[in-house]
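The data block below is input.txt; it holds compact mmCIF, N, CA and C atoms.
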```txt
# COMPACT_ATOMS: atom_id res chain seq x y z
N MET A 105 17.55 85.25 -66.25
CA MET A 105 18.98 85.17 -66.01
C MET A 105 19.71 85.53 -67.31
N LYS A 106 20.60 86.48 -67.22
CA LYS A 106 21.37 86.92 -68.38
C LYS A 106 22.51 85.95 -68.67
N THR A 107 22.81 85.83 -69.96
CA THR A 107 23.97 85.05 -70.37
C THR A 107 25.17 85.99 -70.47
N GLU A 108 26.34 85.42 -70.62
CA GLU A 108 27.55 86.23 -70.75
C GLU A 108 27.46 87.12 -72.00
N THR A 109 26.95 86.58 -73.10
CA THR A 109 26.84 87.36 -74.33
C THR A 109 25.89 88.54 -74.15
N GLN A 110 24.77 88.34 -73.50
CA GLN A 110 23.83 89.43 -73.25
C GLN A 110 24.47 90.50 -72.36
N PHE A 111 25.21 90.04 -71.35
CA PHE A 111 25.85 90.97 -70.43
C PHE A 111 26.93 91.78 -71.16
N ILE A 112 27.70 91.14 -72.02
CA ILE A 112 28.73 91.84 -72.79
C ILE A 112 28.09 92.92 -73.65
N LYS A 113 26.99 92.59 -74.31
CA LYS A 113 26.30 93.58 -75.14
C LYS A 113 25.78 94.73 -74.28
N GLU A 114 25.31 94.43 -73.08
CA GLU A 114 24.83 95.47 -72.17
C GLU A 114 25.97 96.40 -71.75
N VAL A 115 27.13 95.82 -71.42
CA VAL A 115 28.29 96.62 -71.03
C VAL A 115 28.72 97.50 -72.20
N ALA A 116 28.79 96.94 -73.40
CA ALA A 116 29.21 97.71 -74.58
C ALA A 116 28.22 98.83 -74.90
N THR A 117 26.95 98.54 -74.79
CA THR A 117 25.93 99.56 -75.05
C THR A 117 26.00 100.67 -74.01
N THR A 118 26.17 100.30 -72.75
CA THR A 118 26.29 101.30 -71.69
C THR A 118 27.53 102.15 -71.90
N TYR A 119 28.63 101.51 -72.29
CA TYR A 119 29.86 102.25 -72.59
C TYR A 119 29.59 103.28 -73.70
N ALA A 120 28.96 102.85 -74.80
CA ALA A 120 28.73 103.74 -75.93
C ALA A 120 27.77 104.88 -75.57
N MET A 121 26.77 104.57 -74.77
CA MET A 121 25.77 105.59 -74.41
C MET A 121 26.33 106.63 -73.44
N THR A 122 27.31 106.26 -72.65
CA THR A 122 27.84 107.17 -71.64
C THR A 122 29.16 107.81 -72.05
N THR A 123 29.60 107.57 -73.27
CA THR A 123 30.85 108.12 -73.75
C THR A 123 30.59 109.09 -74.89
N PRO A 124 31.01 110.33 -74.74
CA PRO A 124 30.82 111.28 -75.84
C PRO A 124 31.52 110.80 -77.11
N LYS A 125 30.90 111.00 -78.23
CA LYS A 125 31.43 110.66 -79.55
C LYS A 125 31.55 109.15 -79.80
N ALA A 126 31.01 108.33 -78.93
CA ALA A 126 31.03 106.88 -79.16
C ALA A 126 29.70 106.48 -79.78
N GLY A 127 29.77 105.60 -80.75
CA GLY A 127 28.56 105.14 -81.43
C GLY A 127 28.59 103.64 -81.64
N LYS A 128 27.93 103.20 -82.69
CA LYS A 128 27.83 101.77 -82.97
C LYS A 128 29.19 101.15 -83.24
N ARG A 129 30.04 101.85 -83.97
CA ARG A 129 31.37 101.32 -84.28
C ARG A 129 32.15 101.04 -83.00
N GLU A 130 32.13 101.98 -82.07
CA GLU A 130 32.84 101.80 -80.80
C GLU A 130 32.20 100.71 -79.95
N ALA A 131 30.88 100.62 -79.97
CA ALA A 131 30.19 99.57 -79.22
C ALA A 131 30.54 98.20 -79.78
N ASP A 132 30.57 98.08 -81.11
CA ASP A 132 30.95 96.80 -81.73
C ASP A 132 32.39 96.42 -81.39
N LEU A 133 33.27 97.39 -81.39
CA LEU A 133 34.66 97.14 -81.02
C LEU A 133 34.75 96.73 -79.55
N ALA A 134 33.97 97.37 -78.70
CA ALA A 134 33.95 97.01 -77.28
C ALA A 134 33.47 95.57 -77.09
N VAL A 135 32.45 95.15 -77.83
CA VAL A 135 31.97 93.77 -77.75
C VAL A 135 33.10 92.81 -78.12
N TYR A 136 33.80 93.09 -79.21
CA TYR A 136 34.90 92.24 -79.64
C TYR A 136 35.98 92.15 -78.56
N ILE A 137 36.36 93.29 -78.02
CA ILE A 137 37.41 93.32 -77.00
C ILE A 137 36.96 92.59 -75.73
N LEU A 138 35.73 92.80 -75.32
CA LEU A 138 35.23 92.15 -74.11
C LEU A 138 35.15 90.63 -74.28
N LYS A 139 34.77 90.17 -75.46
CA LYS A 139 34.66 88.73 -75.71
C LYS A 139 36.03 88.06 -75.75
N ASN A 140 37.04 88.78 -76.23
CA ASN A 140 38.33 88.15 -76.49
C ASN A 140 39.44 88.48 -75.51
N PHE A 141 39.33 89.58 -74.77
CA PHE A 141 40.46 90.02 -73.97
C PHE A 141 40.17 90.31 -72.50
N TYR A 142 38.93 90.21 -72.07
CA TYR A 142 38.57 90.48 -70.69
C TYR A 142 37.94 89.25 -70.06
N CYS A 143 38.12 89.10 -68.78
CA CYS A 143 37.44 88.07 -67.99
C CYS A 143 36.16 88.73 -67.46
N VAL A 144 35.17 88.81 -68.33
CA VAL A 144 33.97 89.59 -68.07
C VAL A 144 33.24 89.11 -66.82
N GLU A 145 33.16 87.80 -66.62
CA GLU A 145 32.36 87.26 -65.51
C GLU A 145 32.90 87.63 -64.14
N SER A 146 34.17 87.98 -64.04
CA SER A 146 34.70 88.36 -62.74
C SER A 146 34.98 89.87 -62.63
N TYR A 147 35.07 90.56 -63.75
CA TYR A 147 35.50 91.96 -63.71
C TYR A 147 34.35 92.96 -63.80
N PHE A 148 33.32 92.69 -64.54
CA PHE A 148 32.27 93.67 -64.79
C PHE A 148 31.01 93.56 -63.95
N PRO A 149 30.57 92.38 -63.52
CA PRO A 149 29.35 92.36 -62.67
C PRO A 149 29.64 92.90 -61.27
N ASN A 150 28.60 93.43 -60.61
CA ASN A 150 28.77 93.88 -59.22
C ASN A 150 29.10 92.72 -58.30
N VAL A 151 28.54 91.54 -58.58
CA VAL A 151 28.83 90.32 -57.83
C VAL A 151 29.43 89.33 -58.83
N GLU A 152 30.61 88.81 -58.51
CA GLU A 152 31.31 87.92 -59.42
C GLU A 152 30.41 86.77 -59.88
N ASN A 153 30.43 86.51 -61.19
CA ASN A 153 29.68 85.44 -61.85
C ASN A 153 28.17 85.61 -61.78
N ASP A 154 27.67 86.79 -61.41
CA ASP A 154 26.23 87.05 -61.36
C ASP A 154 25.92 88.21 -62.31
N PHE A 155 25.58 87.87 -63.55
CA PHE A 155 25.33 88.89 -64.57
C PHE A 155 24.09 89.72 -64.27
N ASP A 156 23.20 89.23 -63.42
CA ASP A 156 22.00 89.97 -63.06
C ASP A 156 22.25 91.01 -61.97
N SER A 157 23.47 91.05 -61.42
CA SER A 157 23.77 91.97 -60.32
C SER A 157 24.05 93.39 -60.79
N GLY A 158 24.14 93.59 -62.10
CA GLY A 158 24.40 94.93 -62.63
C GLY A 158 25.86 95.12 -63.00
N ILE A 159 26.14 96.26 -63.60
CA ILE A 159 27.49 96.57 -64.07
C ILE A 159 28.25 97.35 -63.01
N ASN A 160 29.46 96.91 -62.73
CA ASN A 160 30.35 97.62 -61.81
C ASN A 160 30.84 98.88 -62.53
N LEU A 161 30.47 100.04 -62.01
CA LEU A 161 30.76 101.29 -62.70
C LEU A 161 32.25 101.63 -62.73
N SER A 162 33.00 101.22 -61.74
CA SER A 162 34.45 101.49 -61.79
C SER A 162 35.11 100.64 -62.87
N SER A 163 34.60 99.46 -63.11
CA SER A 163 35.12 98.64 -64.20
C SER A 163 34.76 99.27 -65.55
N LEU A 164 33.58 99.85 -65.63
CA LEU A 164 33.16 100.53 -66.86
C LEU A 164 34.07 101.73 -67.12
N GLU A 165 34.47 102.44 -66.09
CA GLU A 165 35.39 103.56 -66.24
C GLU A 165 36.75 103.09 -66.77
N THR A 166 37.21 101.94 -66.29
CA THR A 166 38.47 101.37 -66.78
C THR A 166 38.34 101.02 -68.26
N LEU A 167 37.21 100.40 -68.63
CA LEU A 167 36.98 100.08 -70.04
C LEU A 167 36.97 101.35 -70.87
N ARG A 168 36.32 102.39 -70.39
CA ARG A 168 36.25 103.65 -71.12
C ARG A 168 37.66 104.21 -71.36
N ALA A 169 38.50 104.18 -70.35
CA ALA A 169 39.87 104.69 -70.48
C ALA A 169 40.67 103.86 -71.48
N GLN A 170 40.51 102.55 -71.43
CA GLN A 170 41.24 101.68 -72.36
C GLN A 170 40.73 101.85 -73.79
N MET A 171 39.42 101.98 -73.94
CA MET A 171 38.85 102.17 -75.27
C MET A 171 39.31 103.50 -75.88
N GLU A 172 39.48 104.51 -75.06
CA GLU A 172 39.98 105.80 -75.55
C GLU A 172 41.38 105.62 -76.14
N LYS A 173 42.22 104.87 -75.45
CA LYS A 173 43.57 104.61 -75.96
C LYS A 173 43.53 103.80 -77.25
N ILE A 174 42.65 102.83 -77.29
CA ILE A 174 42.53 101.99 -78.50
C ILE A 174 42.05 102.83 -79.69
N MET A 175 41.06 103.67 -79.46
CA MET A 175 40.55 104.50 -80.55
C MET A 175 41.60 105.49 -81.03
N GLN A 176 42.40 106.02 -80.12
CA GLN A 176 43.49 106.92 -80.52
C GLN A 176 44.51 106.18 -81.37
N ALA A 177 44.82 104.93 -81.00
CA ALA A 177 45.77 104.14 -81.77
C ALA A 177 45.23 103.82 -83.17
N ILE A 178 43.95 103.54 -83.26
CA ILE A 178 43.34 103.22 -84.55
C ILE A 178 43.30 104.45 -85.45
N GLU A 179 42.92 105.57 -84.88
CA GLU A 179 42.75 106.78 -85.67
C GLU A 179 44.07 107.48 -85.98
N GLY A 180 45.10 107.15 -85.22
CA GLY A 180 46.42 107.70 -85.47
C GLY A 180 46.70 109.01 -84.89
```

As structure tokens - that is how I would like this structure written.
Amino acid sequence: MKTETQFIKEVATTYAMTTPKAGKREADLAVYILKNFYCVESYFPNVENDFDSGINLSSLETLRAQMEKIMQAIEG
């Protein structure tokens, strides 16, 4: 059974691996954002509160779009 922290790292790693030009820096930022600003247990698993159910891909797309905006804001 996965914990929330393990699931967050999995989501961040998947985000970084499936996003062009994203690396460790972006994955670390995604972990920070997911821990502090998202309700991960209800938004990212395929089945609410079941981290073993896998990652909801439409939620991952939303994260990707938001991270793109964040990276643009950081880079100027």

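Take atom N of A:Phe148 and atom C of A:Glu179: the distance between them is 28.2 Å.
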
**OP:** Determine, counting only C-alpha atoms, which protein, DNA and RNA residues have an atom within 10 Å of an atom of stretch 127-139 of chain A; residues of the same chain fewer than 3 positions away are not included. Present the result as a ChimeraX atom specification.
**Re:** /A:108-109,111-121,123-124,142-144,148,167-168,170-172,174-175

Original post:
Among chain A, which residues carry a DSSP assignment of strand (DSSP E), reported as a PyMOL selection string?
Top reply: chain A and resi 149-151+154-159

Subject >> A:Asn160 environment, 6.5 Å, only N, CA and C atoms, sequence neighbours closer than 6 positions dropped, as a PyMOL selection string >> reply: chain A and resi 147-150

Calculate, to one decimal in Å, the centre and edge lengths of the box along x, y and z of the file that holds all listed atoms of stretch 149-153 of chain A with 3 Å of margin on each side, and present them as JSON.
```
{"center_x": 29.7, "center_y": 89.7, "center_z": -60.7, "size_x": 9.1, "size_y": 14.4, "size_z": 11.7}
```

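Atom CA of A:Thr107 is positioned 20.0 Å from atom C of A:Leu161.
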
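As for atom N of A:Thr122 and atom C of A:Ile178, they are spaced 20.6 Å apart.
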
**OP:** Select from chain A everything DSSP, run on the backbone, classes as helix (DSSP H, G or I), then give the selection as JSON, numbers by chain.
**Re:** {"A": [108, 109, 110, 111, 112, 113, 114, 115, 116, 117, 118, 119, 120, 121, 128, 129, 130, 131, 132, 133, 134, 135, 136, 137, 138, 139, 140, 141, 144, 145, 146, 147, 161, 162, 163, 164, 165, 166, 167, 168, 169, 170, 171, 172, 173, 174, 175, 176, 177, 178, 179]}
